[in-house]
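Enquirer: Mind having a look at this structure? Questions to follow.
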Protein chains: 2
Amino acid sequence: MDDGVCAQERLASIAAASETKEGVTRLPWSAEHRTAFGIIAEWMTDAGLQVAMDAAGTLIGRTPGTGERPALLLGSHQDSVRSGGRYDGIMGVALACLAVRRFRNRFDALPFAIEVLAFADEEGVRFPTALIGPRALAGTLDPAVFAMADRDGVTMGDAMRGFGADPSAAVHLARDPARVIGYIEAHIEQGPVLEREDLPVGIVTGICGISRHMIEVSGETGHAGTVPMAGRRDALIGAARLIGEIGARASRRNGFRATVGQVDVAPNVVNAIPSTVRMTMDTRSVDDAARADFAADIARLASGQAADTGVGIDIAQTYDQKAVTCDPALTDALRAGVTGAGFRAFDLPSGATHDASAMADLCPVAMLFVRCRDGVSHRPDEYAEDRDMGVAVEALAGAIAAMAERG
Amino acid sequence: MDDGVCAQERLASIAAASETKEGVTRLPWSAEHRTAFGIIAEWMTDAGLQVAMDAAGTLIGRTPGTGERPALLLGSHQDSVRSGGRYDGIMGVALACLAVRRFRNRFDALPFAIEVLAFADEEGVRFPTALIGPRALAGTLDPAVFAMADRDGVTMGDAMRGFGADPSAAVHLARDPARVIGYIEAHIEQGPVLEREDLPVGIVTGICGISRHMIEVSGETGHAGTVPMAGRRDALIGAARLIGEIGARASRRNGFRATVGQVDVAPNVVNAIPSTVRMTMDTRSVDDAARADFAADIARLASGQAADTGVGIDIAQTYDQKAVTCDPALTDALRAGVTGAGFRAFDLPSGATHDASAMADLCPVAMLFVRCRDGVSHRPDEYAEDRDMGVAVEALAGAIAAMAERG
C-alpha cells in the first residue's frame, strides 16, 4: 500500500480514540490516550522498532541492535485540542513510523540509532501547561507542574501515575546532548501558505518567538447624546487608531505577524461613550529583535497618540517566548529529501509552537510542514491529502538517508 | 429664602424617597413614588396650585380660578434611574413650582391657566417603555404597554392600578391642542457644554433625533501565528477603520454626534484573527436630514472599504426617532427670562430625550438647561449649584411673564 494511503487509513483508525464524536478529543493520561498508545505501538512494531514508555509518558520506538549509537529522533504529540482534527500532532508520529519502516531491514547499516517519539501532551488543554515529554528529555521540566489540576480537580501527577507514568522519575529523564543527533518533526502547516504555493510540503526555517501585550486605552465615558464630539476622550477611537496602525506596521515587516485578537470595551452600551478598551496584541517572528523593535515602535506611537488625543494608553507585556532557529544541517537533509521526492524545497516559518520548540533546549531541531486544506486546523474538518502525506514520508526517509550519508 | 437655596433643600428632602441609599432610585408606581407625590403636592400647594392626579399617574397642580382658559404647562418627571442623582427630572418639577409661586397672588391677572406636571415615568427603567404621562396627554399612548412586565413579573397595568391610576382611562386623557399654549421643561444639561461656556443656564434649540445602526463586519478567523498578514481578512482591522471614520466625519459636521458604544468581537481570543465584529452606531442631530445623510455617507464608505479589503460590512438601522424643534415663541420667552436674569441667552441642542419629546405631539415645547457639575448625570454625584437653580427659577418666571405680556 502507498505510504500516503496507509497514513490516511491509520489516522482514520486512531481518530476513533476520541472522547467526542464531533472531531477528535484526546487528552493526555486519558482512556483515549491509552487506546492510542496501543495503536501507535503497533505502528512502531510494524516499523521494526522496540517500544517502551518513559516516565514522562512518552511512547518511544527505538531501532533494535543499534546499541549505544547516538540517536536521531523523530516524532510529535498524540494529544488533540477539544473537537480538533485527525492530523495535528499524531500525523507526525504516523509519518515518522512510515519513513523509518523503509529502513527496517538495514538499521544496522545506519551510523546512528533512530527513535520515534509520541509525546503525551503538547496542546495544554487538560492542564494549564504542556510539552511535558520534550521538557523531560531536555531537562527543563519544572516539577511544580505536577500539582496543577484539571477541571475535575485531578492533579497532573495523579493523572500520570494512574496512566503508569512516574512524575518523580520524569524529572531525571534528561538526555545527554552528545548522544542525540537532532530532532525532526513533521506537522500539518495549520496555515494557508503551502496551499497558496501549490506545494505538498515546506521546510520550516524557525519557530516564531511570541510576545503578548495587554493594551489598555483609558478615556472618559459620557452620554452619546449630550457630550459634543469636540472634547470627547473616546477610548474606542484611540483604540481603533492603534489597531489600524498595528496591522499596517506589521504588514510592512517581512515575515512578521501581529494580531489584536481580544477586545473588551467598557461600559459597552449603545448610548455611552467608551471609557476603557482593553485589548491583546500577539506578535510573532523568527527574529526576536524584530519583535522587540515592533513593541518599542507601538509604544512610541501610543505615547504620541496619548499626548495628541488625551486618552491614556498603557501597554504591558504579558508573555514572551524566544524564537527557535532550525538547524542548518538537519534542514539541509530535509531539503534533500523534498527535492529527492521531486518537489521544490520551499522555506516558511512556523507561527505556532511545537514539540520542537522544547526539544531545541536539548538538540538541533528541524521541521517539515504538510499542506492542509484551506489552512484549517484544530477543527473537525482539518484535512491533509494522502498524496501530500506520501511526499512527506518520502522526504523524511530522504532526510534520514542524507543524515546517514553525512555519517 | 432664596429660590436656589430652597430648590436645593427641597431636592435634598425628596431624595430620601429612594429605594437605595447610594444615589436616588425612584421607580414609577412604587412606595417611593407615593412618598414623592406627597412632597410634590406640598410644593404645588405652596405655589398656590390645586393638586390632582390624572389616570396616567401624572400629578398636576393647576392655577385655581382660571376657569377654562388655555393652559401653559410646565414640568418634568419624578422618576430616576437606578442609583441616579437628585436633579434629573425632579428638579424641573421643583423649579416650576418655585417659578409659579411668584405669581400666586395674581393668577387671575394672567391670560392663561398654568399647570405644573410631575410625570410618573420618563426613564423607562422599571418597564421597557417610558413617557406614559406625556403620551397620555398627547393621545399617543399605546395600550399594549400596560401588558409589559417588570423584572418581578408585575405588569405595568397592575402596578398603575395598585398606585391608584387607571390604565383604561389613561388612554382617554388626550388634551385638546387648542386648550394648551405650550409646554416648558427645565432639566439639568447632562453634558459639559454650559460648564465650558461658564453659564448657569442655556436655551434648548431642539431635541436631537436619534438613529441607531447595527454594523456587522465579517472577515475570516485563523491562527495568529500561522496566517501571514498578506491575505488576512481581519474583521477588527475593518471595524477599526470604520470606527475612526465615523468619529472623524461626525466631528466635521456642525452639532452632530456619532458614537460607537458597543463592540463585540468573535472569537475574541488572544491568538485568533477576529472573524466578526458587531458594533452599534448611535447618531444624533436636531437636523433629521443630516442624520440620514450621515448614514448614507457611512454606508458608501463601508461599501468601498468592503470592496477594497475583502471583509463584508452589513449595516442595518435598528432605531429611528425624529428630532423635535423647540417653538420660537416659547423659546423667545425663555430667552427674555434668561437675559432678564442677567445672563447671555446661549443656545444648545438636547442630545437626550425628555418628556418634552412626547409633549411635542400635543403642543409647542421649549426647554431650559441648567448647568451640572462635570457634565455628570445618572450618577449619585450629579450636582447643580443653588445659584444656577436660582437663575433658572428667575428665567422660568420671566418666561411666564413674557408669555403673559404677549397675551
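Ordered as shown in the C-alpha cells, chains take letters A, B, and onward, while each chain numbers its residues from 1 and ligands are numbered from 1 in the order shown.
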Using DSSP secondary structure from the backbone, list all strand (DSSP E or B) positions within region 92-297 of chain B, as a ChimeraX atom specification.
Expert: /B:113-119,149,155,180-188,201-207,209-218,223,257-266,272,276-285
Enquirer: Generate the output file for the selected residues, C-alpha atoms, as a CSV table (one decimal), in the first residue's frame.
Expert:
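The resulting file, result.csv, is shown below:
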```csv
chain,number,residue,atom,x,y,z
B,113,ALA,CA,-54.0,79.0,33.3
B,114,ILE,CA,-50.8,77.4,34.5
B,115,GLU,CA,-50.3,73.7,35.2
B,116,VAL,CA,-47.2,72.1,36.8
B,117,LEU,CA,-46.9,68.4,35.7
B,118,ALA,CA,-45.0,65.7,37.6
B,119,PHE,CA,-44.9,62.8,35.2
B,149,ALA,CA,-43.9,43.3,33.0
B,155,THR,CA,-47.4,44.2,34.6
B,180,VAL,CA,-52.8,74.2,25.5
B,181,ILE,CA,-50.5,77.1,24.9
B,182,GLY,CA,-47.3,75.1,25.2
B,183,TYR,CA,-45.0,73.1,27.5
B,184,ILE,CA,-41.8,74.4,29.1
B,185,GLU,CA,-39.4,72.0,30.8
B,186,ALA,CA,-36.3,72.8,32.9
B,187,HIS,CA,-33.8,70.0,33.1
B,188,ILE,CA,-30.1,69.5,34.1
B,201,VAL,CA,-28.5,78.1,32.1
B,202,GLY,CA,-28.9,77.5,28.3
B,203,ILE,CA,-31.8,77.7,25.8
B,204,VAL,CA,-32.5,74.4,24.1
B,205,THR,CA,-33.0,74.8,20.3
B,206,GLY,CA,-34.3,71.3,19.7
B,207,ILE,CA,-34.2,67.7,20.9
B,209,GLY,CA,-33.4,62.9,16.6
B,210,ILE,CA,-31.7,59.6,17.1
B,211,SER,CA,-30.7,56.9,14.7
B,212,ARG,CA,-29.2,53.6,15.7
B,213,HIS,CA,-27.5,51.1,13.4
B,214,MET,CA,-26.0,47.7,13.9
B,215,ILE,CA,-22.8,47.3,11.9
B,216,GLU,CA,-21.5,43.8,11.3
B,217,VAL,CA,-18.1,43.4,9.9
B,218,SER,CA,-17.4,39.8,8.7
B,223,HIS,CA,-4.4,31.3,13.8
B,257,ARG,CA,-22.9,63.4,17.4
B,258,ALA,CA,-21.9,59.8,16.4
B,259,THR,CA,-20.9,57.2,18.9
B,260,VAL,CA,-19.8,53.6,18.5
B,261,GLY,CA,-20.6,52.5,22.0
B,262,GLN,CA,-20.9,48.7,21.9
B,263,VAL,CA,-18.4,46.4,20.3
B,264,ASP,CA,-18.4,42.6,20.4
B,265,VAL,CA,-15.6,40.7,18.7
B,266,ALA,CA,-15.7,37.0,17.9
B,272,ALA,CA,-7.1,34.1,16.8
B,276,THR,CA,-16.7,39.1,13.2
B,277,VAL,CA,-17.2,42.4,14.8
B,278,ARG,CA,-20.7,43.6,15.7
B,279,MET,CA,-20.9,47.2,16.8
B,280,THR,CA,-23.6,49.8,17.4
B,281,MET,CA,-23.6,53.3,15.9
B,282,ASP,CA,-25.7,56.0,17.6
B,283,THR,CA,-26.1,59.3,15.7
B,284,ARG,CA,-27.9,62.4,16.9
B,285,SER,CA,-28.8,65.7,15.4
```
Enquirer: Between A:Ala47, A:Leu173, A:Ser80, A:Leu334, single out the one closest to Ala17 (chain A), counting only C-alpha atoms.
Expert: A:Ser80
Enquirer: Can you pull out every residue within 8 Å of Leu27 (chain B), counting only C-alpha atoms, but drop anything in the same chain fewer than 6 positions away, and send it as a compact mmCIF listing (two decimals) with all heavy atoms, in the first residue's frame?
Expert:
```
# COMPACT_ATOMS: atom_id res chain seq x y z
N HIS B 33 -42.33 56.45 44.98
CA HIS B 33 -43.12 57.32 44.11
C HIS B 33 -44.26 57.96 44.92
O HIS B 33 -44.50 59.17 44.86
CB HIS B 33 -43.65 56.46 42.95
CG HIS B 33 -44.42 57.20 41.89
ND1 HIS B 33 -44.96 56.56 40.81
CD2 HIS B 33 -44.75 58.52 41.73
CE1 HIS B 33 -45.58 57.44 40.03
NE2 HIS B 33 -45.47 58.63 40.57
N ASP B 79 -39.42 60.32 38.33
CA ASP B 79 -38.65 59.07 38.50
C ASP B 79 -37.16 59.27 38.20
O ASP B 79 -36.76 60.28 37.61
CB ASP B 79 -39.23 57.93 37.64
CG ASP B 79 -39.06 58.17 36.14
OD1 ASP B 79 -39.15 59.34 35.70
OD2 ASP B 79 -38.84 57.19 35.41
N SER B 80 -36.38 58.29 38.61
CA SER B 80 -34.93 58.33 38.42
C SER B 80 -34.48 57.02 37.80
O SER B 80 -35.23 56.06 37.75
CB SER B 80 -34.23 58.49 39.78
OG SER B 80 -34.30 57.26 40.49
N VAL B 81 -33.22 56.99 37.35
CA VAL B 81 -32.60 55.69 37.02
C VAL B 81 -32.21 55.02 38.34
O VAL B 81 -32.38 55.59 39.40
CB VAL B 81 -31.36 55.88 36.11
CG1 VAL B 81 -31.78 56.48 34.77
CG2 VAL B 81 -30.30 56.74 36.78
N ASP B 121 -43.08 58.61 34.86
CA ASP B 121 -42.12 57.66 34.28
C ASP B 121 -41.53 58.20 32.99
O ASP B 121 -42.18 58.17 31.95
CB ASP B 121 -42.88 56.35 34.01
CG ASP B 121 -42.04 55.35 33.25
OD1 ASP B 121 -40.82 55.34 33.45
OD2 ASP B 121 -42.62 54.59 32.46
N VAL B 125 -36.97 52.67 33.28
CA VAL B 125 -36.11 51.71 33.97
C VAL B 125 -36.89 50.49 34.44
O VAL B 125 -36.44 49.36 34.29
CB VAL B 125 -35.40 52.39 35.17
CG1 VAL B 125 -34.75 51.35 36.08
CG2 VAL B 125 -34.36 53.38 34.66
N ARG B 126 -38.09 50.72 35.00
CA ARG B 126 -38.84 49.57 35.53
C ARG B 126 -39.47 48.73 34.43
O ARG B 126 -39.45 47.51 34.48
CB ARG B 126 -39.92 50.07 36.51
CG ARG B 126 -40.72 48.93 37.11
CD ARG B 126 -41.61 49.37 38.26
NE ARG B 126 -42.43 48.26 38.73
CZ ARG B 126 -43.40 48.36 39.62
NH1 ARG B 126 -43.67 49.55 40.17
NH2 ARG B 126 -44.10 47.30 39.99
```
Enquirer: By how many Å are CA of Arg135 (chain A) and CA of Ala358 (chain A) apart?
Expert: 5.9 Å
Enquirer: Out of B:Ala41, B:Leu362, B:Val376, B:Ala31, which residue has the shortest atom-to-atom distance to chain A when counting only C-alpha atoms?
Expert: B:Val376
Enquirer: Report, in Å to a single decimal, how far apart CA of Pro328 (chain A) and CA of Asp288 (chain A) are.
Expert: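 It comes out at 18.5 Å.
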Enquirer: Let me make sure I understand: among A:Ser30, A:Ser350, A:Thr325, A:Gln8, which one has the smallest atom-to-atom distance to chain B if we use only C-alpha atoms?
Expert: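 Among the listed residues, the smallest separation from chain B belongs to A:Ser350.
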Enquirer: Go through B:Asp287, B:Asp297, B:Asp374, B:Asp198 and flag the residue nearest chain A, using only C-alpha atoms for the distances.
Expert: B:Asp374
Enquirer: Leaving out Arg249 (chain A) and any residue of its chain fewer than 3 positions from it, which residues lie within 9 Å of it when counting only C-alpha atoms, given as JSON, numbers by chain?
Expert: {"A": [244, 245, 246, 252, 253, 258, 294, 298]}
Enquirer: Please dump the current selection as a JSON list (two decimals), in the first residue's frame; keep all heavy atoms.
Expert:
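The resulting file, again.json, is shown below:
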```json
[["chain", "number", "residue", "atom", "x", "y", "z"],
["A", 244, "GLY", "N", -5.49, 49.83, 13.80],
["A", 244, "GLY", "CA", -5.16, 50.03, 12.39],
["A", 244, "GLY", "C", -3.66, 50.11, 12.17],
["A", 244, "GLY", "O", -3.10, 49.49, 11.25],
["A", 245, "GLU", "N", -2.98, 50.84, 13.04],
["A", 245, "GLU", "CA", -1.52, 51.00, 12.88],
["A", 245, "GLU", "C", -0.77, 49.70, 13.16],
["A", 245, "GLU", "O", 0.22, 49.40, 12.51],
["A", 245, "GLU", "CB", -1.01, 52.11, 13.82],
["A", 245, "GLU", "CG", -1.29, 53.51, 13.31],
["A", 245, "GLU", "CD", -0.51, 53.82, 12.03],
["A", 245, "GLU", "OE1", 0.59, 53.28, 11.84],
["A", 245, "GLU", "OE2", -1.02, 54.61, 11.21],
["A", 246, "ILE", "N", -1.25, 48.92, 14.13],
["A", 246, "ILE", "CA", -0.60, 47.63, 14.43],
["A", 246, "ILE", "C", -0.65, 46.74, 13.20],
["A", 246, "ILE", "O", 0.34, 46.14, 12.80],
["A", 246, "ILE", "CB", -1.26, 46.96, 15.66],
["A", 246, "ILE", "CG1", -0.88, 47.72, 16.94],
["A", 246, "ILE", "CG2", -0.85, 45.49, 15.77],
["A", 246, "ILE", "CD1", -1.70, 47.35, 18.17],
["A", 252, "ARG", "N", 4.12, 45.73, 6.92],
["A", 252, "ARG", "CA", 5.30, 46.27, 6.24],
["A", 252, "ARG", "C", 6.59, 45.54, 6.63],
["A", 252, "ARG", "O", 7.62, 45.76, 6.03],
["A", 252, "ARG", "CB", 5.44, 47.77, 6.55],
["A", 252, "ARG", "CG", 4.37, 48.63, 5.87],
["A", 252, "ARG", "CD", 4.76, 50.11, 5.83],
["A", 252, "ARG", "NE", 4.76, 50.73, 7.13],
["A", 252, "ARG", "CZ", 3.71, 51.35, 7.67],
["A", 252, "ARG", "NH1", 2.56, 51.42, 7.01],
["A", 252, "ARG", "NH2", 3.79, 51.91, 8.84],
["A", 253, "ARG", "N", 6.51, 44.69, 7.66],
["A", 253, "ARG", "CA", 7.71, 43.95, 8.08],
["A", 253, "ARG", "C", 7.68, 42.55, 7.50],
["A", 253, "ARG", "O", 6.66, 41.88, 7.54],
["A", 253, "ARG", "CB", 7.76, 43.84, 9.61],
["A", 253, "ARG", "CG", 8.11, 45.14, 10.28],
["A", 253, "ARG", "CD", 7.90, 45.04, 11.79],
["A", 253, "ARG", "NE", 8.18, 46.32, 12.42],
["A", 253, "ARG", "CZ", 9.26, 46.58, 13.14],
["A", 253, "ARG", "NH1", 10.16, 45.63, 13.36],
["A", 253, "ARG", "NH2", 9.45, 47.77, 13.66],
["A", 258, "ALA", "N", 1.26, 40.30, 13.53],
["A", 258, "ALA", "CA", 0.72, 40.96, 14.73],
["A", 258, "ALA", "C", -0.80, 40.88, 14.67],
["A", 258, "ALA", "O", -1.40, 41.14, 13.62],
["A", 258, "ALA", "CB", 1.18, 42.41, 14.80],
["A", 294, "PHE", "N", 9.36, 46.03, 17.22],
["A", 294, "PHE", "CA", 7.96, 46.33, 16.92],
["A", 294, "PHE", "C", 7.25, 46.84, 18.18],
["A", 294, "PHE", "O", 6.52, 47.83, 18.14],
["A", 294, "PHE", "CB", 7.25, 45.07, 16.39],
["A", 294, "PHE", "CG", 5.85, 45.32, 15.90],
["A", 294, "PHE", "CD1", 5.62, 45.82, 14.63],
["A", 294, "PHE", "CD2", 4.75, 45.07, 16.72],
["A", 294, "PHE", "CE1", 4.33, 46.06, 14.16],
["A", 294, "PHE", "CE2", 3.46, 45.31, 16.27],
["A", 294, "PHE", "CZ", 3.25, 45.80, 14.99],
["A", 298, "ILE", "N", 5.40, 50.45, 18.62],
["A", 298, "ILE", "CA", 4.00, 50.65, 19.03],
["A", 298, "ILE", "C", 3.94, 51.48, 20.32],
["A", 298, "ILE", "O", 3.05, 52.32, 20.48],
["A", 298, "ILE", "CB", 3.28, 49.29, 19.18],
["A", 298, "ILE", "CG1", 3.21, 48.56, 17.82],
["A", 298, "ILE", "CG2", 1.88, 49.46, 19.77],
["A", 298, "ILE", "CD1", 2.52, 49.32, 16.71]]
```
Enquirer: Going by DSSP on the backbone, which bits of region 38-158 of chain B are alpha helix (DSSP H)? Write them as a PyMOL selection string, please.
Expert: chain B and resi 38-46+90-101+132-138+156-158
Enquirer: Choose the residue, out of B:Pro192, B:Gly398, B:Gly133, B:Gly85, that has the smallest atom-to-atom separation from chain A; count only C-alpha atoms.
Expert: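 Closest residue, counting only C-alpha atoms: B:Pro192.
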Enquirer: Any idea what's packed within 12 Å of Ala138 (chain A), counting only C-alpha atoms, ignoring anything in its chain fewer than 2 positions away? Could you give it as a ChimeraX atom specification?
Expert: /A:56,131-136,140-142,170-177,180,182-183,355-364
Enquirer: Dump N, CA, C and O atoms for the selected residues as a short mmCIF file (atom, residue, chain, number, x, y, z; two decimals), in the first residue's frame?
Expert:
```cif
data_model
loop_
_atom_site.label_atom_id
_atom_site.label_comp_id
_atom_site.auth_asym_id
_atom_site.auth_seq_id
_atom_site.Cartn_x
_atom_site.Cartn_y
_atom_site.Cartn_z
N ALA A 56 7.82 10.03 31.66
CA ALA A 56 7.00 11.20 31.36
C ALA A 56 5.82 10.85 30.46
O ALA A 56 5.09 11.72 30.01
N LEU A 131 3.93 20.25 26.86
CA LEU A 131 5.29 19.90 26.44
C LEU A 131 6.05 19.14 27.53
O LEU A 131 7.28 19.26 27.64
N ILE A 132 5.32 18.32 28.33
CA ILE A 132 5.94 17.56 29.42
C ILE A 132 7.03 16.62 28.88
O ILE A 132 8.14 16.57 29.43
N GLY A 133 6.69 15.88 27.82
CA GLY A 133 7.62 14.89 27.29
C GLY A 133 8.93 15.49 26.81
O GLY A 133 10.02 15.09 27.27
N PRO A 134 8.90 16.45 25.88
CA PRO A 134 10.16 17.03 25.40
C PRO A 134 10.91 17.78 26.51
O PRO A 134 12.15 17.77 26.54
N ARG A 135 10.17 18.39 27.44
CA ARG A 135 10.86 19.09 28.53
C ARG A 135 11.62 18.10 29.42
O ARG A 135 12.70 18.40 29.91
N ALA A 136 11.00 16.93 29.64
CA ALA A 136 11.68 15.91 30.43
C ALA A 136 12.99 15.50 29.76
O ALA A 136 14.04 15.42 30.40
N THR A 140 14.31 20.34 31.25
CA THR A 140 13.76 21.67 31.59
C THR A 140 12.37 21.54 32.24
O THR A 140 11.61 22.50 32.30
N LEU A 141 12.06 20.32 32.74
CA LEU A 141 10.73 20.10 33.31
C LEU A 141 10.69 20.63 34.74
O LEU A 141 11.48 20.22 35.58
N ASP A 142 9.73 21.53 35.00
CA ASP A 142 9.57 22.10 36.34
C ASP A 142 8.61 21.20 37.12
O ASP A 142 7.45 21.05 36.74
N ALA A 170 10.32 11.31 36.12
CA ALA A 170 10.30 12.10 34.88
C ALA A 170 11.30 13.25 34.91
O ALA A 170 11.83 13.65 33.88
N VAL A 171 11.54 13.77 36.12
CA VAL A 171 12.46 14.91 36.22
C VAL A 171 13.92 14.47 36.09
O VAL A 171 14.83 15.31 36.12
N HIS A 172 14.14 13.15 35.95
CA HIS A 172 15.52 12.66 35.79
C HIS A 172 15.75 12.05 34.41
O HIS A 172 16.65 11.25 34.23
N LEU A 173 14.91 12.41 33.44
CA LEU A 173 14.99 11.80 32.10
C LEU A 173 15.92 12.54 31.14
O LEU A 173 16.06 12.14 29.99
N ALA A 174 16.55 13.63 31.61
CA ALA A 174 17.33 14.47 30.69
C ALA A 174 18.33 13.62 29.92
O ALA A 174 19.10 12.84 30.49
N ARG A 175 18.32 13.78 28.59
CA ARG A 175 19.27 13.07 27.75
C ARG A 175 20.60 13.81 27.71
O ARG A 175 20.66 15.03 27.86
N ASP A 176 21.64 13.08 27.43
CA ASP A 176 22.96 13.67 27.22
C ASP A 176 22.98 14.21 25.78
O ASP A 176 22.82 13.45 24.82
N PRO A 177 23.14 15.51 25.60
CA PRO A 177 23.11 16.09 24.25
C PRO A 177 24.11 15.41 23.31
O PRO A 177 23.86 15.34 22.10
N VAL A 180 22.55 12.64 21.25
CA VAL A 180 21.39 12.96 20.41
C VAL A 180 21.86 13.74 19.19
O VAL A 180 22.52 14.78 19.34
N GLY A 182 19.74 14.93 16.69
CA GLY A 182 18.79 16.01 16.44
C GLY A 182 17.37 15.48 16.48
O GLY A 182 17.15 14.27 16.71
N TYR A 183 16.42 16.38 16.28
CA TYR A 183 15.00 16.03 16.34
C TYR A 183 14.31 16.59 15.10
O TYR A 183 14.45 17.78 14.78
N ASP A 355 6.35 20.66 19.63
CA ASP A 355 7.27 19.91 20.49
C ASP A 355 8.71 20.31 20.20
O ASP A 355 9.55 20.36 21.10
N ALA A 356 8.99 20.62 18.93
CA ALA A 356 10.35 21.01 18.54
C ALA A 356 10.82 22.24 19.31
O ALA A 356 12.03 22.40 19.55
N SER A 357 9.87 23.11 19.72
CA SER A 357 10.25 24.31 20.48
C SER A 357 10.97 23.91 21.77
O SER A 357 11.97 24.52 22.16
N ALA A 358 10.42 22.89 22.46
CA ALA A 358 11.03 22.45 23.72
C ALA A 358 12.24 21.54 23.47
O ALA A 358 13.20 21.54 24.24
N MET A 359 12.19 20.75 22.40
CA MET A 359 13.32 19.87 22.06
C MET A 359 14.57 20.68 21.72
O MET A 359 15.70 20.19 21.83
N ALA A 360 14.37 21.94 21.28
CA ALA A 360 15.51 22.80 20.91
C ALA A 360 16.43 23.06 22.10
O ALA A 360 17.59 23.42 21.92
N ASP A 361 15.91 22.86 23.32
CA ASP A 361 16.77 23.02 24.50
C ASP A 361 17.72 21.83 24.68
O ASP A 361 18.65 21.88 25.48
N LEU A 362 17.42 20.73 23.96
CA LEU A 362 18.27 19.53 24.05
C LEU A 362 19.21 19.39 22.86
O LEU A 362 20.39 19.05 23.03
N CYS A 363 18.69 19.68 21.65
CA CYS A 363 19.45 19.28 20.45
C CYS A 363 19.03 20.12 19.25
O CYS A 363 18.04 20.85 19.31
N PRO A 364 19.75 20.01 18.13
CA PRO A 364 19.31 20.67 16.90
C PRO A 364 17.93 20.15 16.50
O PRO A 364 17.63 18.97 16.71
#
```
Enquirer: Go ahead and compute the interatomic distance for CA of Arg34 (chain A) and CA of Glu19 (chain A), in Å to one decimal.
Expert: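 CA of Arg34 (chain A) sits 12.1 Å away from CA of Glu19 (chain A).
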Enquirer: For region 194-197 of chain B, please output as an MDAnalysis selection string all residues within 12 Å (counting only C-alpha atoms; exclusion window: fewer than 3 positions along the same chain).
Expert: (chainID A and resid 226:228 230:231) or (chainID B and resid 188:191 200:204 343:350 368:376 384:385 388)
